[in-house]
file start.txt (compact mmCIF, C-alpha atoms)
# COMPACT_ATOMS: atom_id res chain seq x y z
CA MET T 1 -1.50 33.79 -6.27
CA GLU T 2 -3.17 35.38 -9.25
CA LYS T 3 -0.07 34.80 -11.37
CA ASN T 4 0.00 31.11 -10.41
CA SER T 5 -3.66 30.76 -11.33
CA ILE T 6 -2.97 32.29 -14.73
CA ASN T 7 -0.05 29.90 -15.29
CA VAL T 8 -2.16 26.88 -14.35
CA ALA T 9 -4.94 28.00 -16.69
CA ALA T 10 -2.40 28.56 -19.48
CA VAL T 11 -0.99 25.03 -19.08
CA LEU T 12 -4.46 23.49 -19.15
CA VAL T 13 -5.55 25.54 -22.17
CA ILE T 14 -2.40 24.68 -24.13
CA THR T 15 -2.82 20.99 -23.29
CA LEU T 16 -6.43 20.98 -24.47
CA LEU T 17 -5.45 22.81 -27.66
CA VAL T 18 -2.73 20.26 -28.42
CA ILE T 19 -5.12 17.34 -27.86
CA THR T 20 -7.78 18.98 -30.03
CA ALA T 21 -5.27 19.66 -32.78
CA ALA T 22 -4.01 16.06 -32.56
CA ASN T 23 -7.57 14.84 -33.09
CA LEU T 24 -8.58 17.22 -35.89
CA ALA T 25 -5.24 17.14 -37.71
CA GLN T 26 -4.26 13.53 -37.08
CA SER T 27 -2.87 12.89 -40.57
CA VAL T 28 -0.55 15.90 -40.18
CA ILE T 29 0.53 15.70 -36.54
CA GLU T 30 0.72 11.93 -36.01
CA PRO T 31 3.68 11.28 -38.36
CA VAL T 32 5.51 14.28 -36.87
CA PHE T 33 5.20 12.87 -33.34
CA PHE T 34 6.38 9.44 -34.46
CA ALA T 35 9.30 10.98 -36.36
CA ILE T 36 10.38 12.99 -33.30
CA PHE T 37 10.16 9.84 -31.18
CA ILE T 38 12.35 7.88 -33.61
CA ILE T 39 14.83 10.76 -33.91
CA ALA T 40 15.16 10.86 -30.12
CA LEU T 41 15.97 7.14 -30.13
CA ILE T 42 18.61 7.17 -32.87
CA TRP T 43 20.16 10.65 -32.42
CA PRO T 44 23.07 9.34 -30.22
CA LEU T 45 24.09 7.04 -33.10
CA GLN T 46 23.88 9.90 -35.61
CA LYS T 47 25.87 12.18 -33.29
CA ALA T 48 28.58 9.56 -32.71
CA LEU T 49 28.94 8.86 -36.43
CA GLN T 50 29.07 12.59 -37.26
CA SER T 51 32.13 12.95 -35.03
CA ARG T 52 33.98 10.35 -37.12
CA ALA T 53 32.57 10.77 -40.63
CA PRO T 54 30.98 13.41 -42.88
CA LYS T 55 27.45 14.40 -41.90
CA ALA T 56 25.88 12.99 -45.09
CA LEU T 57 27.57 9.61 -44.62
CA ALA T 58 26.62 9.48 -40.94
CA LEU T 59 23.01 10.26 -41.85
CA LEU T 60 22.98 7.54 -44.52
CA VAL T 61 24.39 4.90 -42.16
CA THR T 62 21.99 5.85 -39.36
CA VAL T 63 18.95 5.73 -41.65
CA LEU T 64 19.98 2.41 -43.22
CA LEU T 65 20.60 0.78 -39.83
CA THR T 66 17.26 2.04 -38.51
CA LEU T 67 15.45 0.88 -41.63
CA GLY T 68 17.14 -2.53 -41.38
CA ILE T 69 15.99 -3.00 -37.78
CA ILE T 70 12.43 -1.98 -38.64
CA ILE T 71 12.33 -4.33 -41.65
CA ALA T 72 13.72 -7.22 -39.58
CA LEU T 73 11.14 -6.75 -36.82
CA SER T 74 8.33 -6.34 -39.37
CA SER T 75 9.42 -9.53 -41.13
CA MET T 76 9.33 -11.45 -37.86
CA VAL T 77 5.80 -10.24 -37.12
CA ALA T 78 4.69 -11.00 -40.69
CA TRP T 79 6.13 -14.51 -40.39
CA GLY T 80 4.24 -15.07 -37.14
CA GLY T 81 1.02 -13.82 -38.73
CA ARG T 82 1.48 -16.12 -41.75
CA GLU T 83 2.09 -19.10 -39.47
CA VAL T 84 -1.14 -18.41 -37.61
CA ALA T 85 -3.08 -17.91 -40.86
CA ASP T 86 -1.70 -21.15 -42.34
CA TRP T 87 -2.58 -23.04 -39.16
CA LEU T 88 -6.14 -21.71 -39.23
CA ARG T 89 -6.54 -22.70 -42.89
CA GLY T 90 -5.18 -26.18 -42.20
CA ASN T 91 -7.41 -26.67 -39.16
CA ILE T 92 -10.57 -24.95 -40.37
CA THR T 93 -12.62 -28.10 -39.65
CA ASP T 94 -11.47 -28.14 -36.01
CA VAL T 95 -12.18 -24.40 -35.72
CA GLN T 96 -15.72 -24.90 -37.02
CA ALA T 97 -16.32 -27.88 -34.75
CA THR T 98 -15.09 -25.96 -31.72
CA PHE T 99 -17.29 -23.02 -32.63
CA VAL T 100 -20.36 -25.23 -33.00
CA SER T 101 -19.76 -27.07 -29.72
CA SER T 102 -19.10 -23.80 -27.90
CA THR T 103 -22.25 -22.11 -29.22
CA LYS T 104 -24.26 -25.20 -28.36
CA TRP T 105 -23.00 -25.10 -24.77
CA LEU T 106 -23.75 -21.36 -24.57
CA GLU T 107 -27.25 -21.84 -25.96
CA GLU T 108 -27.92 -24.41 -23.23
CA HIS T 109 -27.23 -21.56 -20.84
CA ASP T 110 -29.49 -19.12 -22.73
CA ILE T 111 -26.63 -17.29 -24.50
CA PHE T 112 -27.47 -17.33 -28.20
CA VAL T 113 -24.16 -16.38 -29.86
CA LEU T 114 -24.86 -18.09 -33.18
CA ALA T 115 -28.09 -16.18 -33.71
CA LEU T 116 -26.32 -12.93 -32.90
CA VAL T 117 -23.49 -13.67 -35.34
CA THR T 118 -25.89 -14.70 -38.07
CA GLU T 119 -27.93 -11.55 -37.57
CA HIS T 120 -24.93 -9.24 -37.91
CA PHE T 121 -22.84 -11.20 -40.41
CA ASN T 122 -23.38 -11.38 -44.15
CA THR T 123 -21.35 -11.41 -47.36
CA ALA T 124 -21.66 -7.67 -47.88
CA ARG T 125 -20.17 -6.98 -44.46
CA LEU T 126 -17.35 -9.43 -45.11
CA VAL T 127 -16.48 -7.68 -48.39
CA ASN T 128 -16.64 -4.33 -46.64
CA PHE T 129 -14.31 -5.62 -43.93
CA PHE T 130 -11.67 -6.65 -46.47
CA GLN T 131 -12.02 -3.31 -48.24
CA VAL T 132 -11.40 -1.52 -44.95
CA VAL T 133 -8.34 -3.72 -44.33
CA ILE T 134 -6.91 -2.88 -47.76
CA VAL T 135 -7.45 0.85 -47.17
CA ARG T 136 -5.82 0.60 -43.74
CA VAL T 137 -2.78 -1.17 -45.21
CA ASN T 138 -2.40 1.51 -47.89
CA LEU T 139 -2.67 4.26 -45.26
CA LEU T 140 -0.12 2.49 -43.08
CA VAL T 141 2.37 2.33 -45.97
CA ALA T 142 1.84 6.02 -46.74
CA PHE T 143 2.19 6.85 -43.04
CA ALA T 144 5.46 4.90 -42.78
CA VAL T 145 6.91 6.64 -45.85
CA LEU T 146 5.97 10.07 -44.46
CA VAL T 147 7.51 9.28 -41.06
CA PHE T 148 10.65 8.05 -42.82
CA VAL T 149 10.95 11.33 -44.74
CA TYR T 150 10.44 13.37 -41.56
CA VAL T 151 13.09 11.30 -39.77
CA ILE T 152 15.66 11.98 -42.49
CA MET T 153 14.94 15.72 -42.50
CA GLY T 154 14.83 15.86 -38.71
CA LEU T 155 18.18 14.12 -38.27
CA ALA T 156 19.75 16.56 -40.72
CA GLU T 157 18.38 19.57 -38.81
CA THR T 158 18.61 18.43 -35.17
CA LYS T 159 21.98 20.04 -34.42
CA GLY T 160 20.93 23.30 -36.04
CA PHE T 161 17.66 23.32 -34.14
CA GLN T 162 19.52 22.87 -30.85
CA THR T 163 21.76 25.80 -31.75
CA LYS T 164 18.73 27.99 -32.48
CA ILE T 165 17.19 27.17 -29.11
CA ALA T 166 20.48 27.93 -27.35
CA SER T 167 20.68 31.32 -29.07
CA LEU T 168 17.31 32.55 -27.77
CA ASN T 169 17.38 35.91 -25.99
CA ASP T 170 15.83 34.41 -22.88
CA GLU T 171 18.74 32.34 -21.56
CA ASP T 172 16.71 30.73 -18.79
CA THR T 173 14.01 29.53 -21.21
CA SER T 174 16.55 28.23 -23.72
CA ARG T 175 18.41 26.37 -20.97
CA ARG T 176 15.22 24.77 -19.69
CA LEU T 177 14.09 23.77 -23.21
CA LEU T 178 17.45 22.16 -23.94
CA GLN T 179 17.39 20.37 -20.61
CA ALA T 180 13.84 19.18 -21.25
CA SER T 181 14.65 17.92 -24.76
CA GLU T 182 17.71 16.04 -23.51
CA GLN T 183 15.83 14.49 -20.60
CA ILE T 184 12.89 13.53 -22.82
CA ALA T 185 15.21 11.83 -25.32
CA LYS T 186 16.97 9.92 -22.51
CA LYS T 187 13.64 8.77 -21.09
CA PHE T 188 12.40 7.74 -24.53
CA ARG T 189 15.48 5.58 -25.00
CA LYS T 190 15.15 4.07 -21.55
CA TYR T 191 11.43 3.43 -22.08
CA MET T 192 12.10 1.58 -25.33
CA ALA T 193 15.00 -0.33 -23.76
CA VAL T 194 12.72 -1.48 -20.93
CA ARG T 195 9.92 -2.42 -23.33
CA THR T 196 12.38 -4.30 -25.56
CA VAL T 197 13.85 -6.29 -22.66
CA ALA T 198 10.34 -7.06 -21.40
CA SER T 199 9.17 -8.00 -24.91
CA ILE T 200 12.11 -10.35 -25.46
CA ALA T 201 11.51 -11.95 -22.06
CA THR T 202 7.79 -12.27 -22.82
CA GLY T 203 8.45 -13.76 -26.25
CA PHE T 204 10.81 -16.43 -24.96
CA ALA T 205 8.61 -17.18 -21.94
CA VAL T 206 5.49 -17.61 -24.07
CA TRP T 207 7.42 -19.68 -26.61
CA GLY T 208 8.77 -21.99 -23.89
CA PHE T 209 5.45 -22.30 -22.08
CA ALA T 210 3.55 -23.01 -25.32
CA HIS T 211 6.14 -25.62 -26.28
CA VAL T 212 5.87 -27.35 -22.89
CA VAL T 213 2.06 -27.57 -23.03
CA GLY T 214 2.21 -28.81 -26.63
CA LEU T 215 0.80 -25.88 -28.62
CA GLU T 216 1.59 -26.28 -32.31
CA LEU T 217 2.08 -22.53 -32.79
CA ALA T 218 4.69 -22.11 -30.05
CA PRO T 219 7.34 -20.23 -32.12
CA ALA T 220 4.77 -17.99 -33.85
CA LEU T 221 2.99 -17.23 -30.57
CA GLY T 222 6.33 -16.29 -29.02
CA VAL T 223 7.13 -13.89 -31.85
CA LEU T 224 3.65 -12.31 -31.79
CA SER T 225 3.80 -11.95 -28.00
CA PHE T 226 7.15 -10.18 -28.40
CA ALA T 227 5.60 -7.70 -30.83
CA LEU T 228 2.32 -7.21 -28.95
CA ASN T 229 4.15 -6.40 -25.72
CA TYR T 230 5.14 -3.03 -27.24
CA LEU T 231 1.46 -2.04 -26.93
CA PRO T 232 0.94 -1.44 -23.19
CA TYR T 233 -1.97 -3.30 -21.58
CA ILE T 234 -3.90 -3.87 -24.84
CA GLY T 235 -1.08 -5.82 -26.45
CA ALA T 236 -0.45 -7.80 -23.27
CA LEU T 237 -4.15 -8.70 -23.09
CA ALA T 238 -4.14 -9.90 -26.70
CA ALA T 239 -0.97 -11.93 -26.07
CA ILE T 240 -2.78 -13.72 -23.23
CA VAL T 241 -6.20 -14.28 -24.84
CA PHE T 242 -5.14 -15.43 -28.33
CA PRO T 243 -2.93 -18.37 -27.22
CA ALA T 244 -5.70 -19.52 -24.86
CA LEU T 245 -8.16 -19.52 -27.77
CA PHE T 246 -5.73 -21.52 -29.91
CA ALA T 247 -5.30 -24.01 -27.07
CA PHE T 248 -9.09 -24.34 -26.86
CA VAL T 249 -9.30 -25.12 -30.59
CA GLN T 250 -6.29 -27.44 -30.72
CA PHE T 251 -7.10 -29.52 -27.64
CA ASP T 252 -10.89 -29.05 -27.74
CA SER T 253 -10.69 -28.61 -23.99
CA GLY T 254 -11.88 -25.74 -21.88
CA GLU T 255 -9.67 -26.92 -19.02
CA MET T 256 -6.55 -26.70 -21.18
CA ALA T 257 -7.55 -23.25 -22.41
CA ILE T 258 -7.97 -22.06 -18.80
CA PHE T 259 -4.63 -23.63 -17.86
CA VAL T 260 -2.89 -21.78 -20.73
CA LEU T 261 -4.67 -18.57 -19.80
CA ILE T 262 -3.54 -18.82 -16.16
CA GLY T 263 0.01 -19.67 -17.20
CA LEU T 264 0.25 -16.64 -19.47
CA VAL T 265 -1.23 -14.38 -16.79
CA VAL T 266 1.49 -15.57 -14.39
CA ILE T 267 4.18 -14.91 -17.02
CA ARG T 268 2.83 -11.43 -17.65
CA PHE T 269 2.61 -10.70 -13.92
CA VAL T 270 6.21 -11.79 -13.27
CA ILE T 271 7.62 -9.79 -16.17
CA GLY T 272 5.44 -6.72 -15.66
CA SER T 273 5.74 -6.57 -11.87
CA LEU T 274 9.30 -7.81 -11.31
CA ILE T 275 11.50 -7.53 -14.41
CA GLU T 276 10.31 -4.19 -15.85
CA PRO T 277 10.68 -2.24 -12.56
CA ILE T 278 14.24 -3.57 -12.15
CA PHE T 279 15.27 -2.11 -15.51
CA SER T 280 13.21 1.07 -15.41
CA GLY T 281 13.95 2.11 -11.82
CA SER T 282 12.56 5.53 -10.91
CA ALA T 283 13.52 7.30 -14.15
CA LEU T 284 10.16 6.51 -15.78
CA ALA T 285 8.09 6.90 -12.62
CA ILE T 286 4.59 7.80 -13.75
CA SER T 287 1.44 7.20 -11.79
CA PRO T 288 -0.32 4.03 -13.12
CA PRO T 289 -3.65 5.88 -13.59
CA VAL T 290 -1.80 8.41 -15.76
CA VAL T 291 -0.35 5.59 -17.87
CA VAL T 292 -3.79 4.05 -18.36
CA PHE T 293 -5.34 7.44 -19.13
CA ALA T 294 -2.63 8.22 -21.70
CA ILE T 295 -3.14 4.87 -23.42
CA VAL T 296 -6.94 5.22 -23.48
CA LEU T 297 -6.80 8.86 -24.64
CA TRP T 298 -4.37 8.36 -27.52
CA THR T 299 -5.94 5.04 -28.54
CA PHE T 300 -9.26 6.89 -28.78
CA LEU T 301 -7.64 9.67 -30.84
CA TRP T 302 -5.30 7.66 -33.09
CA GLY T 303 -6.19 3.99 -32.75
CA VAL T 304 -3.41 1.39 -32.48
CA PRO T 305 -0.60 3.92 -33.21
CA GLY T 306 -1.93 5.95 -30.29
CA THR T 307 -1.68 2.89 -28.04
CA PHE T 308 2.02 2.69 -28.82
CA ILE T 309 2.87 6.40 -28.62
CA GLY T 310 0.58 7.31 -25.69
CA VAL T 311 3.05 6.58 -22.87
CA PRO T 312 6.01 8.34 -24.59
CA LEU T 313 3.82 11.42 -25.08
CA ALA T 314 2.93 11.36 -21.37
CA ILE T 315 6.63 11.06 -20.52
CA ALA T 316 7.43 14.05 -22.72
CA PHE T 317 4.61 16.14 -21.28
CA LEU T 318 5.57 15.49 -17.65
CA THR T 319 9.28 16.04 -18.32
CA LEU T 320 8.57 19.36 -19.98
CA CYS T 321 6.32 20.41 -17.10
CA GLU T 322 9.07 19.50 -14.65
CA GLN T 323 11.48 22.01 -16.17
CA PHE T 324 9.33 25.11 -15.52
CA PRO T 325 8.33 26.33 -12.03
CA SER T 326 4.82 27.30 -13.15
CA SER T 327 4.02 23.74 -14.29
CA ARG T 328 6.27 21.66 -12.04
CA TRP T 329 3.37 20.88 -9.74
CA ILE T 330 1.80 18.85 -12.57
CA ALA T 331 4.88 16.63 -12.85
CA THR T 332 4.98 16.24 -9.07
CA MET T 333 1.31 15.26 -8.81
CA LEU T 334 1.34 12.81 -11.70
CA SER T 335 4.66 11.19 -10.86
CA GLY T 336 4.64 7.59 -9.67
CA ASP T 337 7.24 8.50 -7.02
CA SER T 338 5.46 9.86 -3.93
CA THR T 339 8.77 11.03 -2.41
CA ARG T 340 9.79 13.05 -5.44
CA PRO T 341 10.71 16.64 -4.51
CA ALA T 342 8.93 19.39 -6.36
CA SER T 343 12.12 21.34 -6.96
CA LYS T 344 14.07 18.51 -8.57
CA ALA T 345 14.30 20.20 -11.95
CA GLU T 346 15.94 23.29 -10.45
CA GLY T 347 18.97 21.29 -9.47
CA SER T 348 19.33 19.41 -12.72
CA GLU T 349 22.79 18.03 -13.31
CA LEU T 350 22.66 19.56 -16.78
CA GLY T 351 24.04 23.03 -16.73
CA PRO T 352 23.19 25.75 -19.25
CA THR T 353 23.81 24.31 -22.69
CA ARG T 354 25.13 26.62 -25.34
CA GLY T 355 26.35 26.29 -28.88
call {"tool": "encode", "arguments": {"input": "start.txt", "output": "structure tokens"}}
result
Amino acid sequence: MEKNSINVAAVLVITLLVITAANLAQSVIEPVFFAIFIIALIWPLQKALQSRAPKALALLVTVLLTLGIIIALSSMVAWGGREVADWLRGNITDVQATFVSSTKWLEEHDIFVLALVTEHFNTARLVNFFQVVIVRVNLLVAFAVLVFVYVIMGLAETKGFQTKIASLNDEDTSRRLLQASEQIAKKFRKYMAVRTVASIATGFAVWGFAHVVGLELAPALGVLSFALNYLPYIGALAAIVFPALFAFVQFDSGEMAIFVLIGLVVIRFVIGSLIEPIFSGSALAISPPVVVFAIVLWTFLWGVPGTFIGVPLAIAFLTLCEQFPSSRWIATMLSGDSTRPASKAEGSELGPTRG
């Protein structure tokens, strides 16, 4: 009993230390976590190419393909953003008229939005906002370059790192660590596959719905909804609210905005409640409160990047806990599967991995 209490305390202390370090050393740890996540996704490609070509060539092809996919997705999002910006510039008069009529209606109901905006908005704050945006963009570029460097180095050293773990004196620990790393990588890939399928479905559904109701930004809204769906909850909320606001401006109708809002909520409900569970099955079973907590925690620590990486980090943490008897109770308690046996990890289909 005393030993179990010590193990529980050790797990909690280590978890708190990791979270504290992630907060205090964000600029150091954040790119490492993202690099490990990307390596887990693309390692099967690197491994397959290495069996047919020299290691350096396999690494080059893997990196170029990954970079090409990232650039293509980024270009799509940038195009969608430009389309929205161009539409706003071309319809600035309608935007202003909608804002005035909306604030007038709110003031009739004793909600003085215009006075609040005027009180907190001035030229100095606008300049400061753009300065912050420029700094954020520069930091994002530097962050992406650093992650890219870590990915290249990590891919080159992954096989050697696995060999070092397998050669540890404690065979049981090395076996469990290798099992955990393999299971985490598999779950990462399945998580991204599920999110990608859901994002594609969301993008096409929003595009089609916006086209049917007559929104001028239908293609751009579809692309942006596809991208935002990779941010759990927060991205989905933005993908619902923004099109409704555009509908309100374009049609100058609150009824149409509500109709668009309801339609997008239905789309999100169908995809989130029906399609995603079909593809994910029980492999990613995590309690919904744990998912929300992970998103809130890592968003608080790292902002938007934390929103994206929060669920994968929770998956990794629970999978690692599942491999060790002293911490398996954590995985059992926080799992979304109430019938999950506590001893599942003991009978893993992966045998001791060596070499």
call {"tool": "closest_atom_pairs", "arguments": {"input": "start.txt", "of": "stretch 2-78 of chain T", "to": "stretch 157-174 of chain T", "cutoff": "9 Å", "atoms": "only C-alpha atoms", "output": "CSV"}}
result
residue,atom,partner,partner_atom,distance
T:Ile39,CA,T:Thr158,CA,8.6
T:Trp43,CA,T:Thr158,CA,8.4
T:Lys47,CA,T:Lys159,CA,8.8
call {"tool": "atom_distance", "arguments": {"input": "start.txt", "atom1": "atom CA of T:Phe188", "atom2": "atom CA of T:Thr319"}}
result
10.8 Å
call {"tool": "closest_residue", "arguments": {"input": "start.txt", "among": "T:Ala78, T:Val84, T:Val260, T:Ala314", "to": "T:Leu221", "atoms": "all atoms listed in the file"}}
result
T:Val84
call {"tool": "residues_around", "arguments": {"input": "start.txt", "residues": "T:Pro219", "least_positions_apart": "4", "cutoff": "9 Å", "atoms": "all atoms listed in the file", "output": "PyMOL selection string"}}
result
chain T and resi 80+203-204+206-208+210-211+223-224
call {"tool": "write_last_selection", "arguments": {"input": "start.txt", "atoms": "C-alpha atoms", "output": "PDB file, in the frame of the given file"}}
result
ATOM      1  CA  GLY T  80       4.240 -15.070 -37.140  1.00  0.00           C
ATOM      2  CA  GLY T 203       8.450 -13.760 -26.250  1.00  0.00           C
ATOM      3  CA  PHE T 204      10.810 -16.430 -24.960  1.00  0.00           C
ATOM      4  CA  VAL T 206       5.490 -17.610 -24.070  1.00  0.00           C
ATOM      5  CA  TRP T 207       7.420 -19.680 -26.610  1.00  0.00           C
ATOM      6  CA  GLY T 208       8.770 -21.990 -23.890  1.00  0.00           C
ATOM      7  CA  ALA T 210       3.550 -23.010 -25.320  1.00  0.00           C
ATOM      8  CA  HIS T 211       6.140 -25.620 -26.280  1.00  0.00           C
ATOM      9  CA  VAL T 223       7.130 -13.890 -31.850  1.00  0.00           C
ATOM     10  CA  LEU T 224       3.650 -12.310 -31.790  1.00  0.00           C
TER      11      LEU T 224
END
call {"tool": "closest_residue", "arguments": {"input": "start.txt", "among": "T:Gly214, T:Thr299, T:Gln250, T:Phe308", "to": "T:Gly90", "atoms": "only C-alpha atoms"}}
result
T:Gln250
call {"tool": "atom_distance", "arguments": {"input": "start.txt", "atom1": "atom CA of T:Lys186", "atom2": "atom CA of T:Ala142"}}
result
28.8 Å
call {"tool": "closest_atom_pairs", "arguments": {"input": "start.txt", "of": "stretch 252-301 of chain T", "to": "stretch 14-34 of chain T", "cutoff": "10 Å", "atoms": "only C-alpha atoms", "output": "Markdown table"}}
result
| residue | atom | partner | partner_atom | distance |
| --- | --- | --- | --- | --- |
| T:Leu297 | CA | T:Ile19 | CA | 9.2 |
| T:Trp298 | CA | T:Ile19 | CA | 9.0 |
| T:Phe300 | CA | T:Asn23 | CA | 9.2 |
| T:Leu301 | CA | T:Asn23 | CA | 5.6 |
call {"tool": "residues_around", "arguments": {"input": "start.txt", "residues": "T:Ser225", "least_positions_apart": "6", "cutoff": "10 Å", "atoms": "all atoms listed in the file", "output": "list in words"}}
result
Val77, Gly80, Ser199, Ile200, Ala201, Thr202, Gly203, Phe204, Ala205, Val206, Trp207, Pro219, Gly235, Ala236, Leu237, Ala238, Ala239, Ile240, Phe242 and Pro243 of chain T
call {"tool": "write_last_selection", "arguments": {"input": "start.txt", "atoms": "C-alpha atoms", "output": "mmCIF file, in the coordinates of the input"}}
result
data_model
loop_
_atom_site.group_PDB
_atom_site.id
_atom_site.type_symbol
_atom_site.label_atom_id
_atom_site.label_comp_id
_atom_site.auth_asym_id
_atom_site.auth_seq_id
_atom_site.Cartn_x
_atom_site.Cartn_y
_atom_site.Cartn_z
ATOM 1 C CA VAL T 77 5.800 -10.240 -37.120
ATOM 2 C CA GLY T 80 4.240 -15.070 -37.140
ATOM 3 C CA SER T 199 9.170 -8.000 -24.910
ATOM 4 C CA ILE T 200 12.110 -10.350 -25.460
ATOM 5 C CA ALA T 201 11.510 -11.950 -22.060
ATOM 6 C CA THR T 202 7.790 -12.270 -22.820
ATOM 7 C CA GLY T 203 8.450 -13.760 -26.250
ATOM 8 C CA PHE T 204 10.810 -16.430 -24.960
ATOM 9 C CA ALA T 205 8.610 -17.180 -21.940
ATOM 10 C CA VAL T 206 5.490 -17.610 -24.070
ATOM 11 C CA TRP T 207 7.420 -19.680 -26.610
ATOM 12 C CA PRO T 219 7.340 -20.230 -32.120
ATOM 13 C CA GLY T 235 -1.080 -5.820 -26.450
ATOM 14 C CA ALA T 236 -0.450 -7.800 -23.270
ATOM 15 C CA LEU T 237 -4.150 -8.700 -23.090
ATOM 16 C CA ALA T 238 -4.140 -9.900 -26.700
ATOM 17 C CA ALA T 239 -0.970 -11.930 -26.070
ATOM 18 C CA ILE T 240 -2.780 -13.720 -23.230
ATOM 19 C CA PHE T 242 -5.140 -15.430 -28.330
ATOM 20 C CA PRO T 243 -2.930 -18.370 -27.220
#
